[in-house]
Amino acid sequence: MTQPPQQPPNDPPNTPPGAPNTPPAPPAGGFGAPQDPPPGGFGQPSPPPADPFGKQPQQPPAGQPQPPAGPPPQPPTVPAGGYGAPQPPPSGGYPTPPAPQPNGYGYPQAAQPGYGYPQGPAGQPGQPGTPPQGYGYPTQPMQPQYGAPQPAGGGKKFSTQMQIIVAAAVAVVLIIGAGIVYSATGDDKGGKAEASSSGSTGGKGGEGGGLAGGDEKAPANTKSKVAFQFPQPVVTDITTVEGSWLTDKAYVKSGIAEINGYDRDKGTKLWSFPLAGEVCTASRHMSEDYKTAIVFQEAKASKENKYPSCNQVGVIDLAAGKLLWSKGVTSATGGDEQIRFDEVTLSGTTVAAAGTSGGAAFKLDTGAELWKPKVGADGCYDGGYAGGEALAVVRRCGTSDAPQLTVQALNPTTGAPLSSFQMPAGVDYASIVSTKPLVVAADVGDTAGDGSGISDFFSIDAATGKLIVRIPADAEKYAARCASTEVERCRHMVVTNNRLYLPTERHDGTSEYGDTNEIVAFDLATGKLLGGRADAGDRHTLTPLRKDGTSVIAYKESPYDKGGQVVSIDGETFKQTQLMENPSDEAVRTAEKRFSLDSAELIYSDGRFYMAAKSVHKPSTVNPDEKVYLVVAYRAE
């Protein structure tokens, strides 16, 4: 979307820096299954600017044996102790966590960090608990009170040999003391971490007392093929195309001032409708009957109006393929000017939108206005909403230099606060990770230092507004991130089972080159780091996408010479089940690696995987023939 210079896009473009060199242009029609682009025609724009988050495809570093001819350029060397560098494990055994804790929760919760999934059933809030001084935790949760956040860990990075020695020693302690058998295997296709205890042998469907698992099952053949791909449309400026959703029949994607529905297997266009202007932002939530909400411009850009206002809220019926309703509203403070909305969300039958000049809530089916937030005499206002199974808000008071933030659980129908929790001093922005259970992320006192927006997580009792536990999250150890521009803009984390699942930062593996990482979990009732972890394996990294019942769906980024994978991680045992492995053909994997995990829209469901850009850019003058894709879709063979 064309925006004023002072209002940059909320997310980075979908091209990681240091991306592999683009191979010779694939045959006409793109790679994989040949097909014509959808009606209306797509061009071939340039690669987007470098990703400011600095995520890199895994490649061998300088000074190490090189792979066969044809690898991409080498990434820059990361200084020791810099962003993403793992810290030495504290006494007790990180990176190997302690034995799994008994599971007493196990209820599902709406898919918060994913795109385009229906809302799930309601759950039960967590109960307050006091974190014990357990063995082997890298950080200890804080009690329900305000205190100085723990500083980020420092020190010299362990060598690979020392990590192996420490991990082996801790494994012996765990085997003897807790009855845990830890098995890790790795090869050039990635490793698996499988944990089994004397009390649980599976974790699926009640086997051995495990969690219920999810709906996603591995197909008979996990090898995928390209189902379809759409080139990026030709534009003259950075343009927002945010919004991807998946129904039982269609894959739906925002275009340039339009919404398009495609057959989810073939990519043929099923329907399309225009909008008055470009899409500004979109909700990642859907109702059970496939309705969702967007914000779009009041008109298309012109010479007279280069930056039309994002003042239109609308609901899309994704099943029928039509704009159900759209409208603008004026601020509760009066005046004729319509509110410019920065974000929109959905909870039950309520659509809630907010901006710096005000907010409003509407009935999902009709667009009837339900309520507007009150603007206090002290200047307090609703900074943004988060939806899903419940509705919550971050309310801002104070001054820009000394803001005071309050997180409130709301009645979706009336907007009345059900409970309030005041964030500690030193929090300029707060993000809502989950509404049920209520989990908030914040960078307290700007101590994260890496742009992630997270130094601590807050587990809050939504019924009372009381803090259950505060969980310090060392930004140099964990790779989740939240944007300060929107309340509901967190990535790389999943909440389910009353647990918070986070990826660790990339770090050296045991092979000669290539990074790796893990996915670990914190108990939201006690704040403890739970036993078990999902290991990505050498030269692979794991990123959580969404929950699937009590399991976690994750994307496994592969080395430069292989396609990515999608896996299901058991929420209790951390056992991984491969759901999909993408082709390793050069043209296919190059297109796949162009999508930045910090900004791209990724959806996996029922043997189908979609990668889509949230913004497009004008064509390159350096490499005008390079193919850049708006969407690449895969399905199991």
# chains A, B, ... in the order shown; residues from 1 in each chain; ligands from 1

$ residues_around --residues "Arg499 in chain A" --least-positions-apart "6" --cutoff "8 Å" --atoms "only C-alpha atoms" --output "PDB file with N, CA and C atoms, in the first residue's frame"
ATOM      1  N   ALA A 521       9.451 -24.820  25.832  1.00  0.00           N
ATOM      2  CA  ALA A 521       8.144 -24.377  26.334  1.00  0.00           C
ATOM      3  C   ALA A 521       8.233 -23.932  27.781  1.00  0.00           C
ATOM      4  N   PHE A 522       7.461 -22.890  28.121  1.00  0.00           N
ATOM      5  CA  PHE A 522       7.324 -22.400  29.489  1.00  0.00           C
ATOM      6  C   PHE A 522       5.911 -22.677  29.988  1.00  0.00           C
ATOM      7  N   ASP A 523       5.799 -23.080  31.230  1.00  0.00           N
ATOM      8  CA  ASP A 523       4.500 -23.288  31.866  1.00  0.00           C
ATOM      9  C   ASP A 523       3.941 -21.920  32.265  1.00  0.00           C
ATOM     10  N   LEU A 524       2.733 -21.602  31.803  1.00  0.00           N
ATOM     11  CA  LEU A 524       2.148 -20.292  32.065  1.00  0.00           C
ATOM     12  C   LEU A 524       1.552 -20.172  33.457  1.00  0.00           C
TER      13      LEU A 524
END

$ residues_around --residues "range 354-364 of chain A" --least-positions-apart "4" --cutoff "9 Å" --atoms "only C-alpha atoms" --output "CSV table (one decimal) with N, CA, C and O atoms, in the first residue's frame"
chain,number,residue,atom,x,y,z
A,291,LYS,N,-15.7,-16.0,8.0
A,291,LYS,CA,-15.8,-14.6,7.8
A,291,LYS,C,-14.5,-14.0,8.5
A,291,LYS,O,-14.1,-14.5,9.5
A,292,THR,N,-14.0,-12.9,7.9
A,292,THR,CA,-12.8,-12.2,8.5
A,292,THR,C,-13.0,-10.7,8.2
A,292,THR,O,-13.9,-10.3,7.5
A,293,ALA,N,-12.0,-9.9,8.8
A,293,ALA,CA,-12.1,-8.5,8.8
A,293,ALA,C,-10.9,-7.9,8.2
A,293,ALA,O,-9.8,-8.4,8.4
A,315,VAL,N,-15.9,-6.5,6.3
A,315,VAL,CA,-15.9,-8.0,6.6
A,315,VAL,C,-16.1,-8.7,5.3
A,315,VAL,O,-16.9,-8.4,4.5
A,329,VAL,N,-16.1,5.4,10.5
A,329,VAL,CA,-16.7,6.0,11.7
A,329,VAL,C,-15.9,7.2,12.1
A,329,VAL,O,-14.7,7.3,11.9
A,330,THR,N,-16.6,8.1,12.8
A,330,THR,CA,-15.9,9.3,13.4
A,330,THR,C,-15.5,9.0,14.8
A,330,THR,O,-16.1,8.1,15.4
A,331,SER,N,-14.6,9.8,15.3
A,331,SER,CA,-14.1,9.6,16.6
A,331,SER,C,-15.1,9.9,17.7
A,331,SER,O,-16.0,10.7,17.5
A,332,ALA,N,-15.0,9.2,18.8
A,332,ALA,CA,-15.9,9.5,20.0
A,332,ALA,C,-15.7,10.9,20.5
A,332,ALA,O,-16.6,11.4,21.2
A,333,THR,N,-14.6,11.5,20.2
A,333,THR,CA,-14.4,12.9,20.7
A,333,THR,C,-15.2,13.9,19.8
A,333,THR,O,-15.2,15.1,20.2
A,338,GLN,N,-13.1,11.0,9.7
A,338,GLN,CA,-13.2,9.6,10.1
A,338,GLN,C,-11.9,9.1,10.7
A,338,GLN,O,-10.8,9.5,10.3
A,339,ILE,N,-12.0,8.1,11.5
A,339,ILE,CA,-10.9,7.5,12.2
A,339,ILE,C,-10.0,6.7,11.2
A,339,ILE,O,-10.5,6.0,10.4
A,340,ARG,N,-8.7,7.0,11.3
A,340,ARG,CA,-7.8,6.2,10.5
A,340,ARG,C,-7.4,5.0,11.4
A,340,ARG,O,-6.8,5.1,12.5
A,341,PHE,N,-7.6,3.8,10.9
A,341,PHE,CA,-7.4,2.5,11.7
A,341,PHE,C,-6.0,1.9,11.3
A,341,PHE,O,-5.6,1.9,10.1
A,342,ASP,N,-5.3,1.5,12.4
A,342,ASP,CA,-4.0,0.9,12.2
A,342,ASP,C,-4.1,-0.6,12.3
A,342,ASP,O,-3.2,-1.3,11.9
A,343,GLU,N,-5.1,-1.2,12.9
A,343,GLU,CA,-5.3,-2.6,13.1
A,343,GLU,C,-6.7,-3.0,13.3
A,343,GLU,O,-7.6,-2.2,13.7
A,344,VAL,N,-7.0,-4.3,13.0
A,344,VAL,CA,-8.3,-4.8,13.2
A,344,VAL,C,-8.2,-6.3,13.6
A,344,VAL,O,-7.3,-7.0,13.3
A,346,LEU,N,-10.8,-9.8,15.3
A,346,LEU,CA,-12.1,-10.5,15.4
A,346,LEU,C,-12.2,-11.4,16.5
A,346,LEU,O,-11.2,-12.2,16.8
A,348,GLY,N,-15.3,-13.9,18.3
A,348,GLY,CA,-16.7,-14.3,18.2
A,348,GLY,C,-17.5,-13.6,17.1
A,348,GLY,O,-17.1,-13.7,16.0
A,349,THR,N,-18.5,-12.8,17.5
A,349,THR,CA,-19.3,-12.1,16.5
A,349,THR,C,-19.0,-10.6,16.5
A,349,THR,O,-19.8,-9.7,16.1
A,350,THR,N,-17.8,-10.2,17.1
A,350,THR,CA,-17.4,-8.8,17.2
A,350,THR,C,-16.1,-8.5,16.4
A,350,THR,O,-15.1,-9.2,16.5
A,368,ALA,N,-23.3,-3.4,12.2
A,368,ALA,CA,-23.9,-2.4,13.1
A,368,ALA,C,-22.9,-2.1,14.2
A,368,ALA,O,-22.2,-3.0,14.7
A,369,GLU,N,-22.8,-0.8,14.5
A,369,GLU,CA,-21.8,-0.4,15.5
A,369,GLU,C,-22.2,-0.8,16.9
A,369,GLU,O,-23.4,-0.6,17.3
A,370,LEU,N,-21.3,-1.5,17.6
A,370,LEU,CA,-21.6,-2.0,19.0
A,370,LEU,C,-21.2,-1.0,20.0
A,370,LEU,O,-21.9,-0.7,21.0
A,371,TRP,N,-20.0,-0.4,19.9
A,371,TRP,CA,-19.5,0.5,20.9
A,371,TRP,C,-18.2,1.2,20.4
A,371,TRP,O,-17.6,0.8,19.4
A,372,LYS,N,-17.9,2.3,21.0
A,372,LYS,CA,-16.7,3.1,20.8
A,372,LYS,C,-16.0,3.2,22.1
A,372,LYS,O,-16.6,3.4,23.2
A,373,PRO,N,-14.6,3.1,22.2
A,373,PRO,CA,-13.9,3.3,23.4
A,373,PRO,C,-14.0,4.7,23.9
A,373,PRO,O,-14.0,5.6,23.1
A,374,LYS,N,-14.0,4.9,25.2
A,374,LYS,CA,-14.0,6.2,25.8
A,374,LYS,C,-12.6,6.8,25.8
A,374,LYS,O,-11.7,6.1,26.1
A,375,VAL,N,-12.5,8.1,25.4
A,375,VAL,CA,-11.3,8.8,25.5
A,375,VAL,C,-11.4,9.7,26.8
A,375,VAL,O,-12.2,10.6,26.9
A,381,TYR,N,-6.5,6.3,25.9
A,381,TYR,CA,-7.2,5.8,24.7
A,381,TYR,C,-6.8,4.3,24.5
A,381,TYR,O,-5.8,3.8,25.0
A,382,ASP,N,-7.6,3.6,23.7
A,382,ASP,CA,-7.4,2.2,23.4
A,382,ASP,C,-6.3,2.1,22.3
A,382,ASP,O,-6.5,2.6,21.2
A,383,GLY,N,-5.2,1.6,22.6
A,383,GLY,CA,-4.1,1.5,21.7
A,383,GLY,C,-4.2,0.4,20.7
A,383,GLY,O,-3.6,0.5,19.6
A,384,GLY,N,-5.0,-0.6,20.9
A,384,GLY,CA,-5.2,-1.7,20.0
A,384,GLY,C,-5.8,-2.9,20.6
A,384,GLY,O,-5.7,-3.1,21.9
A,385,TYR,N,-6.4,-3.8,19.8
A,385,TYR,CA,-7.1,-4.9,20.3
A,385,TYR,C,-6.5,-6.2,19.8
A,385,TYR,O,-5.8,-6.3,18.8
A,412,PRO,N,-16.9,-8.5,24.6
A,412,PRO,CA,-16.9,-8.1,23.2
A,412,PRO,C,-18.2,-7.4,22.7
A,412,PRO,O,-18.1,-6.5,21.8
A,413,THR,N,-19.3,-7.6,23.4
A,413,THR,CA,-20.6,-7.0,23.0
A,413,THR,C,-20.7,-5.6,23.4
A,413,THR,O,-21.3,-4.7,22.7
A,414,THR,N,-20.2,-5.3,24.6
A,414,THR,CA,-20.4,-3.9,25.2
A,414,THR,C,-19.1,-3.1,25.3
A,414,THR,O,-19.2,-1.9,25.4
A,415,GLY,N,-18.0,-3.8,25.2
A,415,GLY,CA,-16.7,-3.1,25.4
A,415,GLY,C,-16.3,-2.8,26.8
A,415,GLY,O,-15.3,-2.2,27.1

$ residues_around --residues "Ala475 in chain A" --least-positions-apart "5" --cutoff "7 Å" --atoms "only C-alpha atoms" --output "list in words"
Ala152, Ala448, Asp450, Ile454 and Ser455 of chain A

$ atom_distance --atom1 "CA of Thr222 in chain A" --atom2 "CA of Asp508 in chain A"
28.0 Å

$ closest_residue --among "A:Lys593, A:Arg396, A:Arg489, A:Lys466" --to "Ser419 in chain A" --atoms "only C-alpha atoms"
A:Lys466

$ atom_distance --atom1 "CA of Arg608 in chain A" --atom2 "CA of Val567 in chain A"
12.4 Å

$ select_by_dssp --residues "range 195-289 of chain A" --states "strand (DSSP E)" --output "MDAnalysis selection string"
chainID A and resid 195:197 224:231 239:240 244:246 250:255 258:263 269:274 279:282 285:286

$ residues_around --residues "Glu581 in chain A" --least-positions-apart "4" --cutoff "12 Å" --atoms "only C-alpha atoms" --output "VMD selection string"
chain A and resid 189 to 190 218 to 219 221 to 226 555 to 558 562 to 567 577 589 592 607 to 609 634 to 637

$ atom_distance --atom1 "CA of Phe273 in chain A" --atom2 "CA of Ile294 in chain A"
13.7 Å

$ residues_around --residues "range 257-262 of chain A" --least-positions-apart "3" --cutoff "8 Å" --atoms "only C-alpha atoms" --output "list in words"
Ala250, Tyr251, Val252, Lys253, Ser254, Lys266, Gly267, Thr268, Lys269, Leu270, Trp271, Ser272, Phe273, Pro274, Leu275, Ala276, Gly277, Glu278, Val279, Lys300, Leu318 and Gly321 of chain A

$ closest_residue --among "A:Ala282, A:Leu500, A:Ala319, A:Leu630" --to "Lys249 in chain A" --atoms "only C-alpha atoms"
A:Ala319

$ residues_around --residues "Thr550 in chain A" --least-positions-apart "4" --cutoff "6 Å" --atoms "only C-alpha atoms" --output "tab-separated table (two decimals) with all heavy atoms, in the first residue's frame"
chain	number	residue	atom	x	y	z
A	213	GLY	N	-3.13	-34.16	21.25
A	213	GLY	CA	-2.58	-33.99	19.92
A	213	GLY	C	-3.44	-33.07	19.08
A	213	GLY	O	-4.19	-32.25	19.59
A	214	GLY	N	-3.30	-33.18	17.73
A	214	GLY	CA	-4.03	-32.28	16.85
A	214	GLY	C	-4.67	-33.02	15.70
A	214	GLY	O	-4.70	-34.25	15.64
A	497	ASN	N	-2.00	-25.60	25.54
A	497	ASN	CA	-1.73	-26.45	26.72
A	497	ASN	C	-1.37	-25.64	27.95
A	497	ASN	O	-0.72	-26.15	28.87
A	497	ASN	CB	-0.57	-27.43	26.46
A	497	ASN	CG	-0.63	-28.09	25.12
A	497	ASN	OD1	-1.71	-28.37	24.61
A	497	ASN	ND2	0.53	-28.34	24.52
A	571	GLY	N	3.00	-31.57	21.87
A	571	GLY	CA	3.12	-30.54	22.90
A	571	GLY	C	3.67	-31.03	24.22
A	571	GLY	O	4.09	-30.22	25.04

$ closest_residue --among "A:Val427, A:Met493, A:Val622, A:Val628" --to "Asp446 in chain A" --atoms "only C-alpha atoms"
A:Val427

$ closest_residue --among "A:Met611, A:Arg470, A:Ile316, A:Asn623" --to "Phe230 in chain A" --atoms "only C-alpha atoms"
A:Met611

$ closest_residue --among "A:Ile603, A:Val295, A:Ile432, A:Ala377" --to "Thr406 in chain A" --atoms "only C-alpha atoms"
A:Ile432

$ closest_residue --among "A:Pro308, A:Val444, A:Leu438, A:Gln408" --to "Ala425 in chain A" --atoms "only C-alpha atoms"
A:Val444
